[in-house]
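Presented below is the structure to which this report refers.
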Amino acid sequence: MPRLAGKIALITGAASGIGRATAERFAAEGAQLLASDREEAGLAGLPGLLRRLDVTREADWAEAFAAARDRFGRVDILVNAAGIGEGSSIEETTLEAWRRVMAVNAEGTFLGCREAVRAMKETGGGAIVNISSAAGLVGDPKLAAYCASKGAVRLLTKSVALHCARAGYNIRCNSVHPSFAETPMLTRMIARAANPEKVRAGLIRATPIGRLGSAGDIAAAILYLASDEAAFVTGAELAVDGGLTAA
């Protein structure tokens, strides 16, 4: 039987990268989808209900959950995959850039978790998977805002997990921490470098397993945490990083 048969999943950032790979994997495993992204055109080709969702807008979240309830009756799974990067040190980071990264990565995840908990507790529970980063576990001198935002996701996840467990809501919340996965975000970061091939080779060398990850590698971990196979897992942080943070 498909691992998500009968489940309803709302996925953000589904137009590309990890979000899209997750949407495709979930559909293959039997889930019905509400796939969302700020760039709605990028959702073309995905099955299910497709809609624009700007994760920084409170109203968009309320409307997305209302649309899911109207179409499917409930939401069983939320994957907060929408995110942006900003490559600069603490000295170089502008307040505008800081606020932009925090708005999408941290506040967007907060809004999604809050809306999901309010909805799921009324329909018997569910699973929330938040996409953090290896940069939410260890620091990077050139990712001041990004590290801060992904660290916030890590501890928000634990707070949500404990709140729901102690309230008896039957809602699990876990975080996934990818490192260097070949997604459009990483591709753009490498392309901006003075020597892209050198940067790419350096990322591979930094990964003990000896290669970059794929969006599919991350989607497989998300699938596990969203499925009933992880029924006893909440408040956990799952590093999918080729061994990067093991050293």
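So you can find residues: chains in the structure tokens are A, B, ... in the order shown, residues in each start at 1, and ligands are numbered from 1 in order.
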Taking 2 positions as the minimum chain separation for residues in the same chain, which residues sit within 9 Å of segment 16-18 of chain A when counting only C-alpha atoms? Answer as an NGL selection string. :A and (13-14 or 20-23 or 37 or 42-43 or 81-82 or 181-185 or 214-219)
Taking N, CA and C atoms for each residue, export the selection above as an mmCIF file, in the first residue's frame.
```cif
data_model
loop_
_atom_site.group_PDB
_atom_site.id
_atom_site.type_symbol
_atom_site.label_atom_id
_atom_site.label_comp_id
_atom_site.auth_asym_id
_atom_site.auth_seq_id
_atom_site.Cartn_x
_atom_site.Cartn_y
_atom_site.Cartn_z
ATOM 1 N N GLY A 13 6.476 26.068 -1.255
ATOM 2 C CA GLY A 13 7.707 26.046 -2.042
ATOM 3 C C GLY A 13 7.730 24.919 -3.054
ATOM 4 N N ALA A 14 6.546 24.521 -3.540
ATOM 5 C CA ALA A 14 6.430 23.322 -4.374
ATOM 6 C C ALA A 14 6.757 23.560 -5.847
ATOM 7 N N ARG A 20 9.231 20.776 -4.717
ATOM 8 C CA ARG A 20 8.647 20.064 -5.859
ATOM 9 C C ARG A 20 8.935 18.565 -5.779
ATOM 10 N N ALA A 21 10.165 18.208 -5.428
ATOM 11 C CA ALA A 21 10.492 16.790 -5.296
ATOM 12 C C ALA A 21 9.609 16.128 -4.247
ATOM 13 N N THR A 22 9.322 16.846 -3.170
ATOM 14 C CA THR A 22 8.460 16.315 -2.124
ATOM 15 C C THR A 22 7.029 16.144 -2.628
ATOM 16 N N ALA A 23 6.528 17.132 -3.352
ATOM 17 C CA ALA A 23 5.175 17.026 -3.897
ATOM 18 C C ALA A 23 5.055 15.821 -4.830
ATOM 19 N N ASP A 37 3.038 27.829 -3.934
ATOM 20 C CA ASP A 37 4.291 28.557 -4.098
ATOM 21 C C ASP A 37 3.945 30.010 -4.394
ATOM 22 N N GLY A 42 5.170 27.996 -11.646
ATOM 23 C CA GLY A 42 6.087 26.885 -11.490
ATOM 24 C C GLY A 42 5.432 25.609 -10.991
ATOM 25 N N LEU A 43 4.187 25.694 -10.567
ATOM 26 C CA LEU A 43 3.470 24.522 -10.063
ATOM 27 C C LEU A 43 2.901 23.655 -11.181
ATOM 28 N N ALA A 81 8.340 23.979 3.096
ATOM 29 C CA ALA A 81 9.550 23.877 2.281
ATOM 30 C C ALA A 81 9.967 25.203 1.650
ATOM 31 N N ALA A 82 9.115 26.214 1.693
ATOM 32 C CA ALA A 82 9.474 27.503 1.095
ATOM 33 C C ALA A 82 10.646 28.121 1.846
ATOM 34 N N ALA A 181 22.385 20.393 -1.434
ATOM 35 C CA ALA A 181 21.577 19.609 -2.364
ATOM 36 C C ALA A 181 21.462 20.383 -3.671
ATOM 37 N N GLU A 182 21.499 19.672 -4.780
ATOM 38 C CA GLU A 182 21.467 20.310 -6.102
ATOM 39 C C GLU A 182 20.062 20.803 -6.411
ATOM 40 N N THR A 183 19.788 21.990 -5.929
ATOM 41 C CA THR A 183 18.509 22.654 -6.136
ATOM 42 C C THR A 183 18.774 23.986 -6.827
ATOM 43 N N PRO A 184 17.737 24.636 -7.347
ATOM 44 C CA PRO A 184 17.945 25.948 -7.970
ATOM 45 C C PRO A 184 18.611 26.966 -7.043
ATOM 46 N N MET A 185 18.308 26.901 -5.729
ATOM 47 C CA MET A 185 18.930 27.838 -4.797
ATOM 48 C C MET A 185 20.439 27.651 -4.753
ATOM 49 N N SER A 214 20.679 15.347 -3.546
ATOM 50 C CA SER A 214 19.650 15.654 -4.539
ATOM 51 C C SER A 214 18.372 16.049 -3.803
ATOM 52 N N ALA A 215 17.492 16.726 -4.513
ATOM 53 C CA ALA A 215 16.205 17.059 -3.911
ATOM 54 C C ALA A 215 15.459 15.787 -3.517
ATOM 55 N N GLY A 216 15.648 14.734 -4.292
ATOM 56 C CA GLY A 216 15.010 13.461 -3.977
ATOM 57 C C GLY A 216 15.510 12.856 -2.680
ATOM 58 N N ASP A 217 16.803 13.029 -2.373
ATOM 59 C CA ASP A 217 17.341 12.553 -1.102
ATOM 60 C C ASP A 217 16.602 13.201 0.073
ATOM 61 N N ILE A 218 16.351 14.486 -0.054
ATOM 62 C CA ILE A 218 15.682 15.211 1.026
ATOM 63 C C ILE A 218 14.206 14.828 1.090
ATOM 64 N N ALA A 219 13.587 14.685 -0.062
ATOM 65 C CA ALA A 219 12.167 14.321 -0.106
ATOM 66 C C ALA A 219 11.919 12.971 0.555
#
```
Mind checking DSSP for segment 23-86 of chain A and telling me the strand (DSSP E or B) residues as a list in words?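 The residues of segment 23-86 of chain A classed as strand (DSSP E or B) are Gln32, Leu33, Leu34, Ala35, Ser36, Asp37, Leu49, Leu50, Arg51, Arg52, Ile77, Leu78, Val79 and Asn80 of chain A.
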How would the residues just chosen look if you wrote them out with N, CA and C atoms as a PDB file, in the first residue's frame?
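Writing done, so here's again.pdb:
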```pdb
ATOM      1  N   GLN A  32      -3.092  13.156  -1.549  1.00  0.00           N
ATOM      2  CA  GLN A  32      -3.740  14.218  -2.317  1.00  0.00           C
ATOM      3  C   GLN A  32      -3.096  15.532  -1.899  1.00  0.00           C
ATOM      4  N   LEU A  33      -2.820  16.385  -2.882  1.00  0.00           N
ATOM      5  CA  LEU A  33      -1.983  17.556  -2.639  1.00  0.00           C
ATOM      6  C   LEU A  33      -2.721  18.875  -2.750  1.00  0.00           C
ATOM      7  N   LEU A  34      -2.332  19.806  -1.877  1.00  0.00           N
ATOM      8  CA  LEU A  34      -2.473  21.227  -2.158  1.00  0.00           C
ATOM      9  C   LEU A  34      -1.038  21.721  -2.273  1.00  0.00           C
ATOM     10  N   ALA A  35      -0.586  21.918  -3.501  1.00  0.00           N
ATOM     11  CA  ALA A  35       0.783  22.359  -3.767  1.00  0.00           C
ATOM     12  C   ALA A  35       0.776  23.865  -3.958  1.00  0.00           C
ATOM     13  N   SER A  36       1.660  24.553  -3.256  1.00  0.00           N
ATOM     14  CA  SER A  36       1.627  26.014  -3.277  1.00  0.00           C
ATOM     15  C   SER A  36       3.026  26.599  -3.450  1.00  0.00           C
ATOM     16  N   ASP A  37       3.038  27.829  -3.934  1.00  0.00           N
ATOM     17  CA  ASP A  37       4.291  28.557  -4.098  1.00  0.00           C
ATOM     18  C   ASP A  37       3.945  30.010  -4.394  1.00  0.00           C
ATOM     19  N   LEU A  49      -4.583  20.254  -6.105  1.00  0.00           N
ATOM     20  CA  LEU A  49      -4.994  21.647  -6.055  1.00  0.00           C
ATOM     21  C   LEU A  49      -3.748  22.517  -6.017  1.00  0.00           C
ATOM     22  N   LEU A  50      -3.627  23.428  -6.964  1.00  0.00           N
ATOM     23  CA  LEU A  50      -2.456  24.287  -7.086  1.00  0.00           C
ATOM     24  C   LEU A  50      -2.873  25.723  -6.801  1.00  0.00           C
ATOM     25  N   ARG A  51      -2.127  26.405  -5.923  1.00  0.00           N
ATOM     26  CA  ARG A  51      -2.511  27.785  -5.646  1.00  0.00           C
ATOM     27  C   ARG A  51      -1.296  28.598  -5.202  1.00  0.00           C
ATOM     28  N   ARG A  52      -1.396  29.883  -5.430  1.00  0.00           N
ATOM     29  CA  ARG A  52      -0.346  30.807  -5.001  1.00  0.00           C
ATOM     30  C   ARG A  52      -0.419  30.973  -3.489  1.00  0.00           C
ATOM     31  N   ILE A  77      -1.068  16.695   6.608  1.00  0.00           N
ATOM     32  CA  ILE A  77       0.379  16.916   6.573  1.00  0.00           C
ATOM     33  C   ILE A  77       0.651  18.336   6.074  1.00  0.00           C
ATOM     34  N   LEU A  78       1.536  19.031   6.753  1.00  0.00           N
ATOM     35  CA  LEU A  78       2.069  20.301   6.250  1.00  0.00           C
ATOM     36  C   LEU A  78       3.566  20.163   6.111  1.00  0.00           C
ATOM     37  N   VAL A  79       4.092  20.512   4.935  1.00  0.00           N
ATOM     38  CA  VAL A  79       5.531  20.587   4.719  1.00  0.00           C
ATOM     39  C   VAL A  79       5.890  22.039   4.431  1.00  0.00           C
ATOM     40  N   ASN A  80       6.616  22.644   5.344  1.00  0.00           N
ATOM     41  CA  ASN A  80       7.077  24.025   5.169  1.00  0.00           C
ATOM     42  C   ASN A  80       8.410  24.006   4.433  1.00  0.00           C
TER      43      ASN A  80
END
```
List the spatial neighbours of Ala226 of chain A as a PDB file with N, CA and C atoms, in the first residue's frame - criterion: any atom at most 12 Å away, only C-alpha atoms, same-chain residues fewer than 6 positions off excluded.
```
ATOM      1  N   ARG A   3       2.528   4.681   0.983  1.00  0.00           N
ATOM      2  CA  ARG A   3       2.807   5.104   2.354  1.00  0.00           C
ATOM      3  C   ARG A   3       1.968   6.291   2.817  1.00  0.00           C
ATOM      4  N   LEU A   4       1.400   7.051   1.891  1.00  0.00           N
ATOM      5  CA  LEU A   4       0.566   8.194   2.271  1.00  0.00           C
ATOM      6  C   LEU A   4      -0.859   8.049   1.739  1.00  0.00           C
ATOM      7  N   ALA A   5      -1.296   6.837   1.528  1.00  0.00           N
ATOM      8  CA  ALA A   5      -2.650   6.603   1.011  1.00  0.00           C
ATOM      9  C   ALA A   5      -3.678   7.242   1.940  1.00  0.00           C
ATOM     10  N   LYS A   7      -3.988  10.368   2.716  1.00  0.00           N
ATOM     11  CA  LYS A   7      -3.519  11.569   3.400  1.00  0.00           C
ATOM     12  C   LYS A   7      -3.679  12.805   2.516  1.00  0.00           C
ATOM     13  N   ILE A   8      -3.932  13.921   3.164  1.00  0.00           N
ATOM     14  CA  ILE A   8      -4.029  15.215   2.487  1.00  0.00           C
ATOM     15  C   ILE A   8      -2.823  16.041   2.911  1.00  0.00           C
ATOM     16  N   ALA A   9      -2.035  16.520   1.945  1.00  0.00           N
ATOM     17  CA  ALA A   9      -0.793  17.234   2.253  1.00  0.00           C
ATOM     18  C   ALA A   9      -0.774  18.616   1.624  1.00  0.00           C
ATOM     19  N   LEU A  10      -0.412  19.600   2.418  1.00  0.00           N
ATOM     20  CA  LEU A  10      -0.179  20.964   1.933  1.00  0.00           C
ATOM     21  C   LEU A  10       1.330  21.188   1.943  1.00  0.00           C
ATOM     22  N   ILE A  11       1.873  21.544   0.795  1.00  0.00           N
ATOM     23  CA  ILE A  11       3.312  21.730   0.646  1.00  0.00           C
ATOM     24  C   ILE A  11       3.585  23.132   0.117  1.00  0.00           C
ATOM     25  N   THR A  22       9.322  16.846  -3.170  1.00  0.00           N
ATOM     26  CA  THR A  22       8.460  16.315  -2.124  1.00  0.00           C
ATOM     27  C   THR A  22       7.029  16.144  -2.628  1.00  0.00           C
ATOM     28  N   ARG A  25       6.944  13.107  -4.865  1.00  0.00           N
ATOM     29  CA  ARG A  25       7.085  11.862  -4.100  1.00  0.00           C
ATOM     30  C   ARG A  25       5.809  11.562  -3.311  1.00  0.00           C
ATOM     31  N   PHE A  26       5.232  12.593  -2.706  1.00  0.00           N
ATOM     32  CA  PHE A  26       3.998  12.401  -1.938  1.00  0.00           C
ATOM     33  C   PHE A  26       2.870  11.906  -2.839  1.00  0.00           C
ATOM     34  N   GLU A  29       3.146   8.388  -3.582  1.00  0.00           N
ATOM     35  CA  GLU A  29       2.849   7.553  -2.418  1.00  0.00           C
ATOM     36  C   GLU A  29       1.396   7.663  -1.973  1.00  0.00           C
ATOM     37  N   ALA A  31      -0.741  10.446  -1.646  1.00  0.00           N
ATOM     38  CA  ALA A  31      -1.308  11.635  -1.021  1.00  0.00           C
ATOM     39  C   ALA A  31      -2.070  12.479  -2.029  1.00  0.00           C
ATOM     40  N   ASP A  76      -3.821  16.724   6.607  1.00  0.00           N
ATOM     41  CA  ASP A  76      -3.134  15.777   7.482  1.00  0.00           C
ATOM     42  C   ASP A  76      -1.658  16.075   7.632  1.00  0.00           C
ATOM     43  N   ILE A  77      -1.068  16.695   6.608  1.00  0.00           N
ATOM     44  CA  ILE A  77       0.379  16.916   6.573  1.00  0.00           C
ATOM     45  C   ILE A  77       0.651  18.336   6.074  1.00  0.00           C
ATOM     46  N   LEU A  78       1.536  19.031   6.753  1.00  0.00           N
ATOM     47  CA  LEU A  78       2.069  20.301   6.250  1.00  0.00           C
ATOM     48  C   LEU A  78       3.566  20.163   6.111  1.00  0.00           C
ATOM     49  N   VAL A  79       4.092  20.512   4.935  1.00  0.00           N
ATOM     50  CA  VAL A  79       5.531  20.587   4.719  1.00  0.00           C
ATOM     51  C   VAL A  79       5.890  22.039   4.431  1.00  0.00           C
ATOM     52  N   ASN A  80       6.616  22.644   5.344  1.00  0.00           N
ATOM     53  CA  ASN A  80       7.077  24.025   5.169  1.00  0.00           C
ATOM     54  C   ASN A  80       8.410  24.006   4.433  1.00  0.00           C
ATOM     55  N   GLY A 125      -5.597  15.273  14.293  1.00  0.00           N
ATOM     56  CA  GLY A 125      -4.141  15.301  14.335  1.00  0.00           C
ATOM     57  C   GLY A 125      -3.501  15.378  12.970  1.00  0.00           C
ATOM     58  N   GLY A 126      -2.171  15.219  12.948  1.00  0.00           N
ATOM     59  CA  GLY A 126      -1.445  15.306  11.691  1.00  0.00           C
ATOM     60  C   GLY A 126       0.048  15.376  11.922  1.00  0.00           C
ATOM     61  N   ALA A 127       0.776  15.720  10.865  1.00  0.00           N
ATOM     62  CA  ALA A 127       2.235  15.793  10.912  1.00  0.00           C
ATOM     63  C   ALA A 127       2.693  17.068  10.218  1.00  0.00           C
ATOM     64  N   ILE A 128       3.622  17.758  10.869  1.00  0.00           N
ATOM     65  CA  ILE A 128       4.248  18.952  10.304  1.00  0.00           C
ATOM     66  C   ILE A 128       5.728  18.654  10.110  1.00  0.00           C
ATOM     67  N   VAL A 129       6.248  18.944   8.928  1.00  0.00           N
ATOM     68  CA  VAL A 129       7.680  18.796   8.656  1.00  0.00           C
ATOM     69  C   VAL A 129       8.211  20.152   8.202  1.00  0.00           C
ATOM     70  N   ASN A 130       9.146  20.684   8.967  1.00  0.00           N
ATOM     71  CA  ASN A 130       9.746  21.978   8.662  1.00  0.00           C
ATOM     72  C   ASN A 130      11.133  21.775   8.064  1.00  0.00           C
ATOM     73  N   ILE A 171      -0.524  15.703  17.081  1.00  0.00           N
ATOM     74  CA  ILE A 171       0.168  16.397  15.990  1.00  0.00           C
ATOM     75  C   ILE A 171       1.664  16.285  16.241  1.00  0.00           C
ATOM     76  N   ARG A 172       2.380  15.716  15.282  1.00  0.00           N
ATOM     77  CA  ARG A 172       3.833  15.609  15.371  1.00  0.00           C
ATOM     78  C   ARG A 172       4.480  16.741  14.572  1.00  0.00           C
ATOM     79  N   CYS A 173       5.635  17.201  15.040  1.00  0.00           N
ATOM     80  CA  CYS A 173       6.354  18.261  14.321  1.00  0.00           C
ATOM     81  C   CYS A 173       7.847  17.968  14.379  1.00  0.00           C
ATOM     82  N   ASN A 174       8.478  17.873  13.214  1.00  0.00           N
ATOM     83  CA  ASN A 174       9.893  17.540  13.102  1.00  0.00           C
ATOM     84  C   ASN A 174      10.565  18.448  12.074  1.00  0.00           C
ATOM     85  N   SER A 175      11.885  18.535  12.156  1.00  0.00           N
ATOM     86  CA  SER A 175      12.627  19.344  11.182  1.00  0.00           C
ATOM     87  C   SER A 175      13.628  18.498  10.421  1.00  0.00           C
ATOM     88  N   VAL A 176      13.855  18.868   9.164  1.00  0.00           N
ATOM     89  CA  VAL A 176      14.826  18.223   8.289  1.00  0.00           C
ATOM     90  C   VAL A 176      15.918  19.238   7.988  1.00  0.00           C
ATOM     91  N   ALA A 219      13.587  14.685  -0.062  1.00  0.00           N
ATOM     92  CA  ALA A 219      12.167  14.321  -0.106  1.00  0.00           C
ATOM     93  C   ALA A 219      11.919  12.971   0.555  1.00  0.00           C
ATOM     94  N   ALA A 220      12.863  12.045   0.425  1.00  0.00           N
ATOM     95  CA  ALA A 220      12.700  10.733   1.048  1.00  0.00           C
ATOM     96  C   ALA A 220      12.653  10.854   2.571  1.00  0.00           C
ATOM     97  N   PHE A 232       6.094   7.679  16.326  1.00  0.00           N
ATOM     98  CA  PHE A 232       6.685   7.920  17.648  1.00  0.00           C
ATOM     99  C   PHE A 232       7.809   8.949  17.571  1.00  0.00           C
ATOM    100  N   VAL A 233       7.841   9.722  16.472  1.00  0.00           N
ATOM    101  CA  VAL A 233       8.917  10.702  16.266  1.00  0.00           C
ATOM    102  C   VAL A 233       8.323  12.102  16.269  1.00  0.00           C
ATOM    103  N   THR A 234       8.713  12.907  17.238  1.00  0.00           N
ATOM    104  CA  THR A 234       8.296  14.311  17.259  1.00  0.00           C
ATOM    105  C   THR A 234       9.355  15.139  17.966  1.00  0.00           C
TER     106      THR A 234
END
```
Tell me, as a list in words, which residues lie within 7 Å of Arg74 of chain A, counting only C-alpha atoms; anything in the same chain fewer than 3 positions away does not count.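 Once the adjacent positions are removed, what remains is Ile8, Ala68, Arg69 and Thr123 of chain A.
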For Pro178 of chain A: contacts at 10 Å, only C-alpha atoms, fewer than 4 positions along chain excluded, given as a short mmCIF file (atom, residue, chain, number, x, y, z; two decimals) with C-alpha atoms, in the first residue's frame:
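Saved file out39.cif follows:
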```cif
data_model
loop_
_atom_site.label_atom_id
_atom_site.label_comp_id
_atom_site.auth_asym_id
_atom_site.auth_seq_id
_atom_site.Cartn_x
_atom_site.Cartn_y
_atom_site.Cartn_z
CA ILE A 18 12.99 20.22 -2.43
CA ILE A 131 12.71 22.33 6.33
CA SER A 132 15.60 23.84 8.25
CA SER A 133 19.22 23.34 7.12
CA ALA A 134 22.59 22.07 8.19
CA ALA A 135 23.12 25.81 8.66
CA GLY A 136 20.50 25.61 11.40
CA GLY A 213 22.73 15.66 -2.33
CA SER A 214 19.65 15.65 -4.54
CA ALA A 215 16.21 17.06 -3.91
CA ASP A 217 17.34 12.55 -1.10
CA ILE A 218 15.68 15.21 1.03
CA ALA A 221 13.46 11.94 4.58
CA LEU A 238 16.96 14.85 10.94
CA ALA A 239 20.23 15.81 9.24
CA VAL A 240 20.30 14.80 5.57
CA ASP A 241 23.74 16.16 4.86
CA GLY A 242 26.07 13.43 3.66
CA LEU A 244 28.63 17.17 7.03
#
```
What does the distance from atom CA of Thr93 of chain A to atom CA of Gly139 of chain A come to in Å, to one decimal? 15.2 Å
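Relative to atom CA of Gly168 of chain A, atom CA of Glu122 of chain A is found at 11.7 Å.
Close contacts of Val199 of chain A, defined as residues with an atom at most 12 Å away when counting only C-alpha atoms, with chain neighbours fewer than 4 positions off set aside, comprise Phe180, Leu186, Thr187, Arg188, Met189, Ile190, Ala191, Arg192, Ala193, Ala194, Asn195, Leu203, Ile204, Arg205 and Ala206 of chain A.
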Which of segment 38-174 of chain A fall in alpha helix (DSSP H), as a VMD selection string: chain A and resid 58 to 72 95 to 101 108 to 120 144 to 167
Rounded to one decimal place, report the atom CA of Ala119 of chain A-atom CA of Thr56 of chain A distance in Å.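 Atom-to-atom, atom CA of Ala119 of chain A to atom CA of Thr56 of chain A, that is 18.6 Å.
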Counting only C-alpha atoms, the option among A:Gly85, A:Pro47, A:Gly30, A:Gly235 closest to Lys158 of chain A: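 Of all the options, A:Gly235 lies closest to Lys158 of chain A.
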